[in-house]
>>> print(open('start21.csv').read())   # CSV, C-alpha atoms and all ligand atoms
chain,number,residue,atom,x,y,z
A,1,MET,CA,-8.4,6.9,-4.1
A,2,ASN,CA,-11.7,6.0,-5.6
A,3,ILE,CA,-13.7,4.7,-2.6
A,4,ALA,CA,-16.9,4.3,-4.6
A,5,ASN,CA,-15.2,2.0,-7.0
A,6,ILE,CA,-13.7,-0.1,-4.2
A,7,ALA,CA,-17.1,-0.3,-2.5
A,8,ASP,CA,-18.7,-1.3,-5.7
A,9,HIS,CA,-16.3,-4.2,-6.3
A,10,LEU,CA,-16.5,-5.4,-2.7
A,11,GLU,CA,-20.3,-5.4,-2.9
A,12,HIS,CA,-20.5,-7.3,-6.2
A,13,THR,CA,-17.4,-9.5,-6.4
A,14,GLY,CA,-16.1,-9.5,-2.9
A,15,TYR,CA,-12.6,-8.4,-3.8
A,16,ILE,CA,-10.6,-5.8,-5.7
A,17,VAL,CA,-7.0,-5.5,-6.9
A,18,LEU,CA,-5.7,-2.0,-7.1
A,19,ASP,CA,-2.5,-1.2,-9.0
A,20,ASN,CA,-1.5,2.3,-7.9
A,21,ALA,CA,-3.4,3.1,-4.8
A,22,LEU,CA,-0.5,4.8,-2.9
A,23,SER,CA,2.1,7.3,-4.1
A,24,ALA,CA,5.6,6.1,-5.1
A,25,GLN,CA,7.0,8.2,-2.3
A,26,LEU,CA,5.0,6.5,0.4
A,27,LEU,CA,5.6,3.1,-1.1
A,28,THR,CA,9.4,3.7,-0.9
A,29,LYS,CA,9.1,4.7,2.8
A,30,LEU,CA,7.0,1.6,3.6
A,31,PHE,CA,9.5,-0.6,1.8
A,32,ASN,CA,12.3,0.9,3.9
A,33,ARG,CA,10.4,-0.1,7.0
A,34,CYS,CA,10.1,-3.7,5.8
A,35,HIS,CA,13.6,-5.2,6.4
A,36,ASN,CA,14.4,-7.9,8.9
A,37,THR,CA,17.9,-6.7,9.6
A,38,ASP,CA,15.8,-5.2,12.3
A,39,THR,CA,15.4,-8.5,14.2
A,40,VAL,CA,14.0,-6.7,17.3
A,41,ARG,CA,10.9,-5.5,15.3
A,42,PHE,CA,10.4,-8.6,13.2
A,43,GLN,CA,9.3,-11.8,14.9
A,44,THR,CA,8.2,-15.2,13.7
A,45,ALA,CA,4.5,-15.2,12.8
A,46,HIS,CA,2.1,-17.4,14.8
A,47,ILE,CA,-1.1,-19.2,13.9
A,48,GLY,CA,-4.1,-18.6,16.2
A,49,ARG,CA,-4.2,-16.5,19.3
A,50,GLY,CA,-3.7,-16.9,23.1
A,51,ASN,CA,-3.4,-20.5,24.2
A,52,ASP,CA,-4.0,-21.7,20.7
A,53,LYS,CA,-0.9,-19.8,19.5
A,54,LYS,CA,1.3,-22.1,17.5
A,55,GLN,CA,4.4,-21.6,15.4
A,56,ILE,CA,4.5,-24.0,12.5
A,57,ASN,CA,6.9,-23.1,9.8
A,58,SER,CA,5.5,-25.5,7.3
A,59,ILE,CA,2.2,-23.7,7.5
A,60,ARG,CA,3.3,-20.1,7.8
A,61,GLY,CA,6.9,-19.0,7.1
A,62,ASP,CA,6.8,-15.2,7.4
A,63,VAL,CA,8.2,-12.9,10.0
A,64,ILE,CA,6.1,-9.9,11.0
A,65,SER,CA,6.2,-6.5,12.6
A,66,TRP,CA,3.0,-4.7,13.6
A,67,LEU,CA,2.6,-1.1,12.4
A,68,GLU,CA,3.1,1.5,15.1
A,69,ASP,CA,1.1,4.7,15.7
A,70,SER,CA,4.3,6.3,16.8
A,71,ASN,CA,6.2,5.9,13.6
A,72,THR,CA,5.7,8.7,11.0
A,73,THR,CA,5.8,6.3,8.0
A,74,ASP,CA,3.4,3.9,9.6
A,75,GLN,CA,1.1,6.9,10.4
A,76,LEU,CA,0.9,7.9,6.7
A,77,TYR,CA,-0.2,4.4,5.8
A,78,LEU,CA,-2.6,4.2,8.7
A,79,SER,CA,-4.2,7.5,7.9
A,80,TRP,CA,-4.8,6.4,4.3
A,81,MET,CA,-6.5,3.3,5.6
A,82,GLU,CA,-8.5,5.4,8.1
A,83,GLU,CA,-9.9,7.3,5.1
A,84,LEU,CA,-10.7,4.1,3.4
A,85,ARG,CA,-12.4,2.7,6.6
A,86,THR,CA,-14.7,5.7,7.0
A,87,GLY,CA,-15.4,5.8,3.2
A,88,LEU,CA,-16.4,2.2,3.1
A,89,ASN,CA,-18.5,2.5,6.2
A,90,ALA,CA,-20.4,5.4,4.5
A,91,ALA,CA,-20.8,3.5,1.3
A,92,LEU,CA,-21.6,0.0,2.6
A,93,TYR,CA,-22.7,0.4,6.2
A,94,LEU,CA,-20.0,-2.2,7.3
A,95,GLY,CA,-19.5,-0.8,10.8
A,96,LEU,CA,-15.8,-1.2,10.5
A,97,PHE,CA,-14.4,-0.2,13.9
A,98,ASP,CA,-10.6,-0.3,13.5
A,99,TYR,CA,-7.7,-1.6,11.4
A,100,GLU,CA,-4.7,-3.7,12.5
A,101,SER,CA,-1.8,-4.4,10.2
A,102,HIS,CA,1.7,-5.8,10.1
A,103,TYR,CA,4.7,-5.8,7.8
A,104,ALA,CA,5.5,-9.4,6.6
A,105,ILE,CA,8.6,-10.8,5.2
A,106,TYR,CA,8.7,-14.2,3.5
A,107,ASP,CA,12.3,-15.5,2.9
A,108,ALA,CA,12.9,-17.6,-0.2
A,109,GLY,CA,11.3,-21.0,0.4
A,110,ALA,CA,8.5,-19.6,2.6
A,111,GLY,CA,4.8,-19.5,2.0
A,112,TYR,CA,1.5,-19.6,3.9
A,113,ALA,CA,-0.8,-22.7,3.5
A,114,LYS,CA,-4.5,-22.3,2.6
A,115,HIS,CA,-6.3,-20.6,5.5
A,116,SER,CA,-9.1,-18.2,6.5
A,117,ASP,CA,-8.3,-14.9,8.1
A,118,VAL,CA,-11.4,-15.3,10.3
A,119,LEU,CA,-9.9,-16.9,13.4
A,120,ALA,CA,-11.9,-19.6,15.2
A,121,GLY,CA,-13.8,-18.0,18.1
A,122,LYS,CA,-12.9,-14.5,16.9
A,123,LYS,CA,-15.0,-13.4,14.1
A,124,ASN,CA,-14.4,-9.7,14.0
A,125,ARG,CA,-12.2,-9.5,10.9
A,126,ILE,CA,-14.4,-8.2,8.0
A,127,LEU,CA,-12.0,-7.0,5.3
A,128,SER,CA,-8.5,-8.3,4.6
A,129,THR,CA,-5.9,-6.0,2.8
A,130,VAL,CA,-2.5,-6.8,1.5
A,131,LEU,CA,-0.1,-4.3,0.0
A,132,TYR,CA,2.9,-5.6,-1.9
A,133,LEU,CA,6.4,-4.1,-1.8
A,134,ASN,CA,8.4,-6.1,-4.2
A,135,GLU,CA,10.2,-4.2,-6.9
A,136,ASP,CA,11.0,-6.1,-10.2
A,137,TRP,CA,9.1,-9.2,-9.1
A,138,GLN,CA,9.0,-11.8,-11.9
A,139,SER,CA,6.6,-14.7,-12.5
A,140,LEU,CA,9.5,-17.1,-11.8
A,141,ASP,CA,9.8,-15.6,-8.3
A,142,GLY,CA,6.5,-17.3,-7.2
A,143,GLY,CA,4.9,-16.0,-4.1
A,144,GLU,CA,1.5,-15.5,-5.6
A,145,LEU,CA,-1.6,-15.0,-3.5
A,146,VAL,CA,-4.3,-17.5,-4.5
A,147,LEU,CA,-7.9,-16.8,-3.6
A,148,PHE,CA,-10.4,-19.6,-3.4
A,149,ASP,CA,-14.2,-19.7,-3.4
A,150,PRO,CA,-15.8,-20.0,0.0
A,151,GLU,CA,-15.7,-23.8,-0.1
A,152,GLY,CA,-11.9,-23.6,-0.7
A,153,VAL,CA,-12.1,-25.5,-3.9
A,154,ALA,CA,-12.2,-23.3,-7.1
A,155,ILE,CA,-9.5,-20.7,-7.7
A,156,ILE,CA,-11.0,-17.2,-7.9
A,157,ALA,CA,-7.9,-15.2,-8.5
A,158,THR,CA,-4.1,-15.5,-8.6
A,159,VAL,CA,-2.3,-12.3,-7.7
A,160,GLN,CA,1.4,-11.5,-8.2
A,161,PRO,CA,2.9,-9.6,-5.3
A,162,THR,CA,4.3,-6.7,-7.4
A,163,PHE,CA,5.3,-3.4,-6.1
A,164,GLY,CA,2.4,-1.1,-5.1
A,165,LYS,CA,-0.3,-3.6,-5.8
A,166,MET,CA,-3.0,-3.8,-3.1
A,167,ILE,CA,-5.8,-6.4,-2.8
A,168,ILE,CA,-8.8,-6.0,-0.6
A,169,PHE,CA,-11.2,-8.9,0.0
A,170,LEU,CA,-14.0,-10.0,2.3
A,171,SER,CA,-12.2,-12.0,5.0
A,172,ASP,CA,-14.9,-14.6,5.5
A,173,SER,CA,-15.5,-15.3,1.8
A,174,PHE,CA,-12.1,-16.2,0.5
A,175,PRO,CA,-9.8,-18.9,1.9
A,176,HIS,CA,-6.4,-18.2,0.5
A,177,GLU,CA,-2.8,-19.3,0.2
A,178,VAL,CA,0.6,-17.8,-0.4
A,179,LEU,CA,2.6,-19.9,-2.8
A,180,LEU,CA,6.2,-20.5,-2.0
A,181,ALA,CA,8.3,-17.4,-2.7
A,182,HIS,CA,11.6,-17.9,-4.4
A,183,GLN,CA,12.9,-14.4,-3.5
A,184,THR,CA,12.4,-12.4,-0.4
A,185,ARG,CA,8.7,-11.3,-0.5
A,186,ARG,CA,7.6,-8.1,1.4
A,187,SER,CA,4.1,-6.9,2.2
A,188,ILE,CA,1.8,-5.2,4.6
A,189,ALA,CA,-1.2,-7.4,5.6
A,190,GLY,CA,-4.1,-5.8,7.5
A,191,TRP,CA,-7.6,-6.3,8.7
A,192,PHE,CA,-10.6,-4.0,9.1
A,193,ARG,CA,-12.5,-5.2,12.1
A,194,VAL,CA,-15.8,-4.7,13.8
A,195,SER,CA,-15.8,-4.3,17.6
A,196,GLY,CA,-16.4,-7.1,20.1
A,197,SER,CA,-16.0,-10.8,19.3
A,201,LIG,C1,-2.0,-13.3,5.7
A,201,LIG,C2,-2.1,-13.5,4.3
A,201,LIG,C3,-1.5,-12.9,2.0
A,201,LIG,C4,-0.3,-12.3,1.2
A,201,LIG,O1,-1.1,-12.6,6.2
A,201,LIG,O2,-3.0,-13.7,6.4
A,201,LIG,O3,-2.8,-14.3,3.9
A,201,LIG,O4,-0.5,-12.3,0.0
A,201,LIG,N1,-1.3,-12.8,3.4
A,201,LIG,O5,0.7,-12.0,1.8
A,202,MN,MN,-4.5,-14.6,5.3
>>> encode(input="start21.csv", output="structure tokens")
Amino acid sequence: MNIANIADHLEHTGYIVLDNALSAQLLTKLFNRCHNTDTVRFQTAHIGRGNDKKQINSIRGDVISWLEDSNTTDQLYLSWMEELRTGLNAALYLGLFDYESHYAIYDAGAGYAKHSDVLAGKKNRILSTVLYLNEDWQSLDGGELVLFDPEGVAIIATVQPTFGKMIIFLSDSFPHEVLLAHQTRRSIAGWFRVSGS
């Protein structure tokens, strides 16, 4: 992992797309953890927090499962992200305090309407990350992540959710949308946060 390169992109363009950040072996393990035959782990995703929590399928159609410190596969991913957290703090003085992340599964026909990852009244998300776990993903399968400029107007990037790709972006700078997937779409979404609200 070239943290200096990641830091450089975050500083100058606000985002970076990495194609082979993790080993094939770890990607396979993560993929095996991302299946909703396990309905106890995977639950419908909600918008907002606490009393504002809503479940609106037309806005957000994924089911999610938070990573667990007690799982050995999740640990491998989380320790990789911990290395990234400390490296980015050293390079950019971001003061990143922790990292939260969940597996996400979008069934065919699901997407996530344009939104910001910085929740109203809770501004502690600084960097968003998404790792994609879709083998043999084709253009026709849809499910692209579209990043917009801060005003939410101009398209900055369109990212196909192909196996092993990771995007990292400044949470507050890029409203974004997940276009409708036409196949089951698997990923791990996560956020580096500063402490407090
Ligand atoms: C999210 C999100 C993007 C993606 O979970 O907040 O925007 O490409 N995910 O899955
Ligand atoms: Mn998002």
>>> residues_near_ligand(input="start21.csv", ligand="ligand LIG 201 (chain A)", cutoff="6 Å", atoms="all atoms listed in the file", output="PyMOL selection string")
chain A and resi 117+130+145+178+189
>>> write_last_selection(input="start21.csv", atoms="C-alpha atoms", output="mmCIF file, in the coordinates of the input")
data_model
loop_
_atom_site.group_PDB
_atom_site.id
_atom_site.type_symbol
_atom_site.label_atom_id
_atom_site.label_comp_id
_atom_site.auth_asym_id
_atom_site.auth_seq_id
_atom_site.Cartn_x
_atom_site.Cartn_y
_atom_site.Cartn_z
ATOM 1 C CA ASP A 117 -8.300 -14.900 8.100
ATOM 2 C CA VAL A 130 -2.500 -6.800 1.500
ATOM 3 C CA LEU A 145 -1.600 -15.000 -3.500
ATOM 4 C CA VAL A 178 0.600 -17.800 -0.400
ATOM 5 C CA ALA A 189 -1.200 -7.400 5.600
#
>>> closest_atom_pairs(input="start21.csv", of="chain A", to="ligand MN 202 (chain A)", cutoff="7 Å", atoms="all atoms listed in the file", output="CSV")
residue,atom,partner,partner_atom,distance
A:His115,CA,A:MN202,MN,6.3
A:Ser116,CA,A:MN202,MN,6.0
A:Asp117,CA,A:MN202,MN,4.7
A:His176,CA,A:MN202,MN,6.3
>>> closest_residue(input="start21.csv", among="A:Glu177, A:Asp149, A:Glu144, A:Asp172", to="Ile126 of chain A", atoms="all atoms listed in the file")
A:Asp172
>>> atom_distance(input="start21.csv", atom1="atom CA of His102 of chain A", atom2="atom CA of Ser65 of chain A")
5.2 Å
>>> closest_residue(input="start21.csv", among="A:Ala45, A:Ile155, A:Ala108, A:Leu127", to="Leu88 of chain A", atoms="all atoms listed in the file")
A:Leu127
>>> residues_around(input="start21.csv", residues="Asn124 of chain A", least_positions_apart="4", cutoff="9 Å", atoms="only C-alpha atoms", output="PDB file with C-alpha atoms, in the frame of the given file")
ATOM      1  CA  VAL A 118     -11.400 -15.300  10.300  1.00  0.00           C
ATOM      2  CA  LEU A 119      -9.900 -16.900  13.400  1.00  0.00           C
ATOM      3  CA  PHE A 192     -10.600  -4.000   9.100  1.00  0.00           C
ATOM      4  CA  ARG A 193     -12.500  -5.200  12.100  1.00  0.00           C
ATOM      5  CA  VAL A 194     -15.800  -4.700  13.800  1.00  0.00           C
ATOM      6  CA  SER A 195     -15.800  -4.300  17.600  1.00  0.00           C
ATOM      7  CA  GLY A 196     -16.400  -7.100  20.100  1.00  0.00           C
ATOM      8  CA  SER A 197     -16.000 -10.800  19.300  1.00  0.00           C
TER       9      SER A 197
END
